[in-house]
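Participant: Handing over model09.csv, CSV, N, CA and C atoms.
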chain,number,residue,atom,x,y,z
A,615,MET,N,-23.5,3.1,-25.9
A,615,MET,CA,-24.2,2.4,-24.9
A,615,MET,C,-23.7,1.0,-24.6
A,616,PRO,N,-23.0,0.3,-25.6
A,616,PRO,CA,-22.6,-1.0,-25.3
A,616,PRO,C,-21.4,-1.1,-24.3
A,617,TYR,N,-20.8,0.1,-24.1
A,617,TYR,CA,-19.7,0.1,-23.1
A,617,TYR,C,-20.2,0.0,-21.7
A,618,GLN,N,-21.4,0.5,-21.5
A,618,GLN,CA,-22.0,0.4,-20.1
A,618,GLN,C,-22.2,-1.0,-19.7
A,619,SER,N,-22.7,-1.8,-20.6
A,619,SER,CA,-23.0,-3.2,-20.3
A,619,SER,C,-21.6,-3.9,-20.1
A,620,LEU,N,-20.6,-3.5,-20.9
A,620,LEU,CA,-19.3,-4.1,-20.7
A,620,LEU,C,-18.7,-3.8,-19.3
A,621,PHE,N,-18.9,-2.5,-18.9
A,621,PHE,CA,-18.4,-2.1,-17.6
A,621,PHE,C,-19.1,-2.8,-16.5
A,622,ARG,N,-20.4,-3.1,-16.6
A,622,ARG,CA,-21.2,-3.8,-15.6
A,622,ARG,C,-20.7,-5.2,-15.5
A,623,LEU,N,-20.3,-5.8,-16.6
A,623,LEU,CA,-19.7,-7.1,-16.6
A,623,LEU,C,-18.3,-7.2,-16.1
A,624,ALA,N,-17.6,-6.1,-16.3
A,624,ALA,CA,-16.2,-6.1,-15.9
A,624,ALA,C,-16.0,-6.0,-14.4
A,625,TRP,N,-16.8,-5.3,-13.7
A,625,TRP,CA,-16.6,-5.2,-12.2
A,625,TRP,C,-16.6,-6.5,-11.5
A,626,PRO,N,-17.6,-7.4,-11.6
A,626,PRO,CA,-17.5,-8.6,-10.9
A,626,PRO,C,-16.3,-9.5,-11.3
A,627,VAL,N,-15.9,-9.4,-12.5
A,627,VAL,CA,-14.7,-10.2,-13.0
A,627,VAL,C,-13.5,-9.6,-12.3
A,628,LEU,N,-13.3,-8.3,-12.3
A,628,LEU,CA,-12.1,-7.7,-11.7
A,628,LEU,C,-12.1,-7.9,-10.2
A,629,ILE,N,-13.2,-7.8,-9.5
A,629,ILE,CA,-13.2,-8.1,-8.1
A,629,ILE,C,-12.9,-9.5,-7.8
A,630,SER,N,-13.4,-10.5,-8.6
A,630,SER,CA,-13.1,-11.9,-8.3
A,630,SER,C,-11.6,-12.2,-8.6
A,631,LEU,N,-11.0,-11.5,-9.6
A,631,LEU,CA,-9.6,-11.7,-9.9
A,631,LEU,C,-8.8,-11.1,-8.7
A,632,LEU,N,-9.2,-10.0,-8.1
A,632,LEU,CA,-8.6,-9.4,-7.0
A,632,LEU,C,-8.6,-10.3,-5.8
A,633,VAL,N,-9.7,-10.9,-5.5
A,633,VAL,CA,-9.9,-11.9,-4.4
A,633,VAL,C,-9.0,-13.1,-4.6
A,634,ILE,N,-9.0,-13.6,-5.9
A,634,ILE,CA,-8.1,-14.8,-6.2
A,634,ILE,C,-6.6,-14.4,-6.0
A,635,GLY,N,-6.3,-13.2,-6.4
A,635,GLY,CA,-4.9,-12.7,-6.2
A,635,GLY,C,-4.5,-12.6,-4.7
A,636,ILE,N,-5.4,-12.1,-3.9
A,636,ILE,CA,-5.2,-12.0,-2.5
A,636,ILE,C,-5.0,-13.4,-1.9
A,637,ILE,N,-5.8,-14.3,-2.3
A,637,ILE,CA,-5.7,-15.7,-1.7
A,637,ILE,C,-4.4,-16.3,-2.2
A,638,LEU,N,-4.0,-16.2,-3.4
A,638,LEU,CA,-2.8,-16.7,-3.9
A,638,LEU,C,-1.6,-16.1,-3.2
A,639,SER,N,-1.7,-14.8,-2.9
A,639,SER,CA,-0.6,-14.1,-2.2
A,639,SER,C,-0.4,-14.6,-0.8
A,640,LEU,N,-1.5,-14.9,-0.1
A,640,LEU,CA,-1.5,-15.4,1.2
A,640,LEU,C,-1.0,-16.8,1.3
A,641,THR,N,-1.2,-17.6,0.3
A,641,THR,CA,-0.9,-19.0,0.4
A,641,THR,C,0.4,-19.4,-0.3
A,642,SER,N,0.9,-18.5,-1.2
A,642,SER,CA,2.2,-18.9,-1.9
A,642,SER,C,3.4,-18.5,-1.1
A,643,GLY,N,4.4,-19.3,-1.2
A,643,GLY,CA,5.7,-19.1,-0.6
A,643,GLY,C,6.4,-20.4,-0.3
A,644,PRO,N,7.6,-20.3,0.2
A,644,PRO,CA,8.4,-21.5,0.5
A,644,PRO,C,7.7,-22.5,1.4
A,645,MET,N,7.0,-22.0,2.4
A,645,MET,CA,6.2,-22.8,3.4
A,645,MET,C,4.8,-23.0,2.8
A,646,LYS,N,4.5,-24.3,2.5
A,646,LYS,CA,3.2,-24.6,1.9
A,646,LYS,C,2.1,-24.6,3.0
A,647,LEU,N,1.1,-23.7,2.8
A,647,LEU,CA,0.0,-23.7,3.7
A,647,LEU,C,-1.3,-23.8,2.8
A,648,SER,N,-2.3,-24.4,3.4
A,648,SER,CA,-3.5,-24.5,2.6
A,648,SER,C,-4.2,-23.1,2.6
A,649,SER,N,-4.9,-22.9,1.5
A,649,SER,CA,-5.6,-21.6,1.4
A,649,SER,C,-6.7,-21.4,2.4
A,650,TRP,N,-7.3,-22.5,2.7
A,650,TRP,CA,-8.4,-22.4,3.7
A,650,TRP,C,-7.8,-22.1,5.1
A,651,GLN,N,-6.8,-22.7,5.5
A,651,GLN,CA,-6.2,-22.4,6.8
A,651,GLN,C,-5.6,-21.0,6.8
A,652,SER,N,-5.0,-20.5,5.7
A,652,SER,CA,-4.5,-19.2,5.7
A,652,SER,C,-5.7,-18.1,5.8
A,653,LEU,N,-6.8,-18.4,5.1
A,653,LEU,CA,-7.9,-17.5,5.3
A,653,LEU,C,-8.5,-17.5,6.7
A,654,LEU,N,-8.5,-18.7,7.3
A,654,LEU,CA,-9.0,-18.8,8.6
A,654,LEU,C,-8.1,-18.1,9.6
A,655,THR,N,-6.8,-18.1,9.4
A,655,THR,CA,-5.9,-17.4,10.2
A,655,THR,C,-6.1,-15.9,10.1
A,656,VAL,N,-6.3,-15.4,8.9
A,656,VAL,CA,-6.6,-14.0,8.7
A,656,VAL,C,-7.9,-13.6,9.4
A,657,TRP,N,-8.9,-14.5,9.3
A,657,TRP,CA,-10.2,-14.3,9.9
A,657,TRP,C,-10.1,-14.2,11.4
A,658,ASP,N,-9.3,-15.2,12.0
A,658,ASP,CA,-9.0,-15.2,13.4
A,658,ASP,C,-8.4,-13.9,13.9
A,659,GLY,N,-7.4,-13.4,13.2
A,659,GLY,CA,-6.7,-12.2,13.6
A,659,GLY,C,-7.6,-11.0,13.5
A,660,LEU,N,-8.5,-10.9,12.5
A,660,LEU,CA,-9.3,-9.7,12.4
A,660,LEU,C,-10.5,-9.7,13.3
A,661,PHE,N,-11.1,-10.9,13.6
A,661,PHE,CA,-12.3,-10.9,14.4
A,661,PHE,C,-12.2,-11.7,15.7
A,662,HIS,N,-10.9,-12.0,16.1
A,662,HIS,CA,-10.6,-12.6,17.4
A,662,HIS,C,-11.4,-13.9,17.7
A,663,THR,N,-11.4,-14.8,16.7
A,663,THR,CA,-12.0,-16.1,16.9
A,663,THR,C,-10.9,-17.1,16.9
A,664,ASP,N,-11.2,-18.4,17.1
A,664,ASP,CA,-10.2,-19.4,17.2
A,664,ASP,C,-10.6,-20.6,16.3
A,665,LEU,N,-10.6,-20.3,15.0
A,665,LEU,CA,-11.0,-21.3,14.0
A,665,LEU,C,-9.9,-22.1,13.3
A,666,SER,N,-8.7,-21.4,13.1
A,666,SER,CA,-7.6,-22.1,12.4
A,666,SER,C,-6.8,-23.0,13.4
A,667,ARG,N,-6.3,-24.0,12.8
A,667,ARG,CA,-5.5,-25.0,13.6
A,667,ARG,C,-4.0,-25.0,13.2
A,668,LEU,N,-3.5,-23.8,12.9
A,668,LEU,CA,-2.1,-23.7,12.5
A,668,LEU,C,-1.3,-23.5,13.7
A,669,ASN,N,0.0,-23.9,13.6
A,669,ASN,CA,1.0,-23.7,14.7
A,669,ASN,C,1.3,-22.2,14.8
A,670,ASP,N,2.0,-21.8,15.8
A,670,ASP,CA,2.3,-20.4,16.1
A,670,ASP,C,3.3,-19.9,15.0
A,671,TYR,N,4.2,-20.7,14.6
A,671,TYR,CA,5.2,-20.2,13.6
A,671,TYR,C,4.5,-20.1,12.2
A,672,GLU,N,3.5,-20.9,11.9
A,672,GLU,CA,2.7,-20.7,10.7
A,672,GLU,C,1.9,-19.4,10.7
A,673,LYS,N,1.4,-19.1,11.8
A,673,LYS,CA,0.6,-17.9,12.0
A,673,LYS,C,1.5,-16.7,11.8
A,674,VAL,N,2.8,-16.8,12.4
A,674,VAL,CA,3.7,-15.7,12.2
A,674,VAL,C,4.1,-15.5,10.8
A,675,VAL,N,4.2,-16.6,10.0
A,675,VAL,CA,4.5,-16.5,8.6
A,675,VAL,C,3.4,-15.7,7.9
A,676,ILE,N,2.2,-16.0,8.2
A,676,ILE,CA,1.1,-15.3,7.5
A,676,ILE,C,1.0,-13.9,7.9
A,677,TRP,N,1.1,-13.6,9.3
A,677,TRP,CA,0.9,-12.2,9.7
A,677,TRP,C,2.1,-11.3,9.5
A,678,ASP,N,3.3,-11.9,9.7
A,678,ASP,CA,4.5,-11.0,9.6
A,678,ASP,C,5.1,-11.0,8.2
A,679,LEU,N,4.8,-11.9,7.4
A,679,LEU,CA,5.4,-11.9,6.0
A,679,LEU,C,4.4,-11.8,4.9
A,680,ARG,N,3.4,-12.6,4.9
A,680,ARG,CA,2.5,-12.6,3.8
A,680,ARG,C,1.4,-11.5,3.8
A,681,TRP,N,0.9,-11.2,5.0
A,681,TRP,CA,-0.1,-10.2,5.0
A,681,TRP,C,0.4,-8.8,4.7
A,682,PRO,N,1.6,-8.4,5.2
A,682,PRO,CA,2.1,-7.1,4.8
A,682,PRO,C,2.5,-7.1,3.3
A,683,ARG,N,2.9,-8.2,2.8
A,683,ARG,CA,3.2,-8.2,1.3
A,683,ARG,C,2.0,-8.0,0.5
A,684,THR,N,0.9,-8.7,0.9
A,684,THR,CA,-0.4,-8.5,0.2
A,684,THR,C,-0.9,-7.1,0.3
A,685,LEU,N,-0.9,-6.5,1.5
A,685,LEU,CA,-1.4,-5.2,1.7
A,685,LEU,C,-0.6,-4.2,0.9
A,686,LEU,N,0.8,-4.4,0.9
A,686,LEU,CA,1.6,-3.5,0.1
A,686,LEU,C,1.4,-3.6,-1.4
A,687,ALA,N,1.2,-4.8,-1.9
A,687,ALA,CA,0.8,-5.0,-3.3
A,687,ALA,C,-0.5,-4.3,-3.6
A,688,LEU,N,-1.5,-4.4,-2.8
A,688,LEU,CA,-2.7,-3.7,-3.0
A,688,LEU,C,-2.6,-2.2,-3.0
A,689,PHE,N,-1.8,-1.7,-2.1
A,689,PHE,CA,-1.6,-0.2,-2.0
A,689,PHE,C,-0.8,0.3,-3.2
A,690,ILE,N,0.2,-0.4,-3.6
A,690,ILE,CA,1.0,0.0,-4.7
A,690,ILE,C,0.2,0.0,-6.0
A,691,GLY,N,-0.6,-1.1,-6.1
A,691,GLY,CA,-1.4,-1.2,-7.3
A,691,GLY,C,-2.4,0.0,-7.4
A,692,ALA,N,-3.0,0.3,-6.2
A,692,ALA,CA,-3.9,1.5,-6.2
A,692,ALA,C,-3.2,2.8,-6.6
A,693,LEU,N,-2.0,3.0,-6.1
A,693,LEU,CA,-1.3,4.2,-6.4
A,693,LEU,C,-0.9,4.2,-7.9
A,694,LEU,N,-0.5,3.1,-8.5
A,694,LEU,CA,-0.2,3.1,-9.9
A,694,LEU,C,-1.5,3.4,-10.7
A,695,ALA,N,-2.6,2.9,-10.3
A,695,ALA,CA,-3.9,3.2,-11.0
A,695,ALA,C,-4.2,4.7,-10.9
A,696,ILE,N,-4.0,5.3,-9.8
A,696,ILE,CA,-4.2,6.7,-9.6
A,696,ILE,C,-3.3,7.5,-10.5
A,697,CYS,N,-2.0,7.1,-10.5
A,697,CYS,CA,-1.0,7.8,-11.3
A,697,CYS,C,-1.4,7.7,-12.8
A,698,GLY,N,-1.8,6.5,-13.2
A,698,GLY,CA,-2.2,6.3,-14.6
A,698,GLY,C,-3.4,7.2,-15.0
A,699,ALA,N,-4.4,7.3,-14.1
A,699,ALA,CA,-5.6,8.1,-14.4
A,699,ALA,C,-5.2,9.6,-14.4
A,700,VAL,N,-4.3,10.1,-13.5
A,700,VAL,CA,-3.9,11.5,-13.6
A,700,VAL,C,-3.1,11.7,-14.8
A,701,THR,N,-2.2,10.8,-15.2
A,701,THR,CA,-1.4,11.0,-16.4
A,701,THR,C,-2.3,11.1,-17.7
A,702,ARG,N,-3.3,10.2,-17.7
A,702,ARG,CA,-4.2,10.2,-18.8
A,702,ARG,C,-5.0,11.5,-18.9
A,703,ALA,N,-5.4,12.0,-17.7
A,703,ALA,CA,-6.2,13.2,-17.7
A,703,ALA,C,-5.3,14.4,-18.1
A,704,CYS,N,-4.1,14.4,-17.7
A,704,CYS,CA,-3.2,15.5,-18.0
A,704,CYS,C,-2.9,15.5,-19.5
A,705,PHE,N,-2.6,14.4,-20.1
A,705,PHE,CA,-2.3,14.4,-21.5
A,705,PHE,C,-3.5,14.5,-22.5
A,706,GLU,N,-4.7,14.5,-21.9
A,706,GLU,CA,-5.9,14.8,-22.7
A,706,GLU,C,-6.0,16.3,-22.9
A,707,THR,N,-5.4,17.1,-22.0
A,707,THR,CA,-5.5,18.5,-22.1
A,707,THR,C,-4.5,19.0,-23.1
A,708,LEU,N,-4.9,19.8,-24.1
A,708,LEU,CA,-4.0,20.1,-25.2
A,708,LEU,C,-2.8,21.0,-24.8
A,709,TRP,N,-3.1,22.0,-23.9
A,709,TRP,CA,-2.0,22.9,-23.5
A,709,TRP,C,-0.9,22.2,-22.7
A,710,LEU,N,-1.3,21.1,-22.0
A,710,LEU,CA,-0.3,20.4,-21.2
A,710,LEU,C,0.6,19.5,-22.2
A,711,ILE,N,0.0,19.1,-23.3
A,711,ILE,CA,0.8,18.3,-24.2
A,711,ILE,C,1.8,19.3,-24.9
A,712,GLN,N,1.4,20.5,-25.2
A,712,GLN,CA,2.3,21.4,-25.8
A,712,GLN,C,3.4,21.8,-24.8
A,713,ALA,N,3.1,22.0,-23.5
A,713,ALA,CA,4.1,22.3,-22.5
A,713,ALA,C,5.0,21.1,-22.3
A,714,SER,N,4.5,19.9,-22.4
A,714,SER,CA,5.4,18.7,-22.2
A,714,SER,C,6.3,18.6,-23.4
A,715,LEU,N,5.9,18.9,-24.6
A,715,LEU,CA,6.7,18.8,-25.7
A,715,LEU,C,7.8,19.9,-25.7
A,716,VAL,N,7.5,21.1,-25.2
A,716,VAL,CA,8.4,22.1,-25.1
A,716,VAL,C,9.5,21.7,-24.1
A,717,CYS,N,9.1,21.2,-23.0
A,717,CYS,CA,10.1,20.7,-21.9
A,717,CYS,C,11.0,19.7,-22.5
A,718,LEU,N,10.4,18.7,-23.3
A,718,LEU,CA,11.3,17.7,-23.8
A,718,LEU,C,12.2,18.3,-24.9
A,719,LEU,N,11.8,19.2,-25.6
A,719,LEU,CA,12.6,19.9,-26.6
A,719,LEU,C,13.8,20.6,-26.0
A,720,VAL,N,13.5,21.4,-24.9
A,720,VAL,CA,14.5,22.1,-24.2
A,720,VAL,C,15.5,21.2,-23.5
A,721,GLN,N,15.0,20.1,-23.0
A,721,GLN,CA,15.9,19.1,-22.4
A,721,GLN,C,16.8,18.5,-23.5
A,722,GLY,N,16.3,18.2,-24.6
A,722,GLY,CA,17.1,17.6,-25.7
A,722,GLY,C,18.1,18.6,-26.2
A,723,LEU,N,17.8,19.9,-26.3
A,723,LEU,CA,18.7,20.9,-26.7
A,723,LEU,C,19.8,21.1,-25.7
A,724,GLY,N,19.4,21.0,-24.4
A,724,GLY,CA,20.4,21.2,-23.3
A,724,GLY,C,21.5,20.1,-23.4
A,725,ARG,N,21.2,18.9,-23.9
A,725,ARG,CA,22.2,17.9,-23.9
A,725,ARG,C,23.2,18.1,-25.0
A,726,HIS,N,22.9,18.8,-26.0
A,726,HIS,CA,23.8,19.0,-27.1
A,726,HIS,C,24.6,20.3,-27.0
A,727,LEU,N,24.3,21.1,-26.0
A,727,LEU,CA,25.1,22.4,-25.9
A,727,LEU,C,26.4,22.1,-25.3
A,728,PRO,N,27.5,22.8,-25.7
A,728,PRO,CA,28.8,22.5,-25.2
A,728,PRO,C,28.9,23.0,-23.7
A,729,SER,N,29.6,22.3,-22.9
A,729,SER,CA,29.7,22.7,-21.5
A,729,SER,C,31.0,23.4,-21.2
Could you express the structure from this file as structure tokens?

Facilitator:
Amino acid sequence: MPYQSLFRLAWPVLISLLVIGIILSLTSGPMKLSSWQSLLTVWDGLFHTDLSRLNDYEKVVIWDLRWPRTLLALFIGALLAICGAVTRACFETLWLIQASLVCLLVQGLGRHLPS
């Protein structure tokens, strides 16, 4: 039962770390932009408002370089998490472990056979 309270505590921490990572990804780069202006630019693009006071080239940097980089990092991270969960589920099954070991054994024997 103590794991349930740990998981309840972990979700807000993980989500806040994700938001901080997104903000850092949108603001970091060779061109220094404030995090507030970067977030306002994203808000303007998503909801068609006019709150940010950035130049056009700064908006292009955010929308054409940093926003795709951030979305791609989130997508790849989600895919890696899914692959890790599937791998863990597969290796918890005993017959799959035996099949994996047999495949590794056959692969190792195939390397040592004369060609």

Participant: Measure the distance from CA of Arg667 in chain A to atom C of Thr655 in chain A in Å and round it to one decimal.

Facilitator: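 Atom C of Thr655 in chain A lies at a distance of 9.8 Å from CA of Arg667 in chain A.
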
Participant: Atom N of Asp670 in chain A and atom C of Arg683 in chain A are how many Å apart?

Facilitator: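 It comes out at 20.6 Å.
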
Participant: If we count all atoms listed in the file, what is near Leu654 in chain A at a cut-off of 5 Å, once residues fewer than 4 positions away on the same chain are taken out, given as a ChimeraX atom specification?

Facilitator: /A:650,658,666

Participant: Take atom N of Leu628 in chain A and atom C of Ser649 in chain A and report the distance between them in Å, one decimal.

Facilitator: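 So the answer is 20.8 Å.
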
Participant: Extract, using only N, CA and C atoms, all DNA, RNA and protein residues at most 8 Å from Ser652 in chain A, discarding same-chain residues fewer than 5 positions from it, and format them as a PyMOL selection string.

Facilitator: chain A and resi 637+640-641+647+657-658+666+676

Participant: Tell me, which residues of chain A carry DSSP alpha helix (DSSP H), written as an NGL selection string?

Facilitator: :A and (616-641 or 649-661 or 670-674 or 681-706 or 708-726)
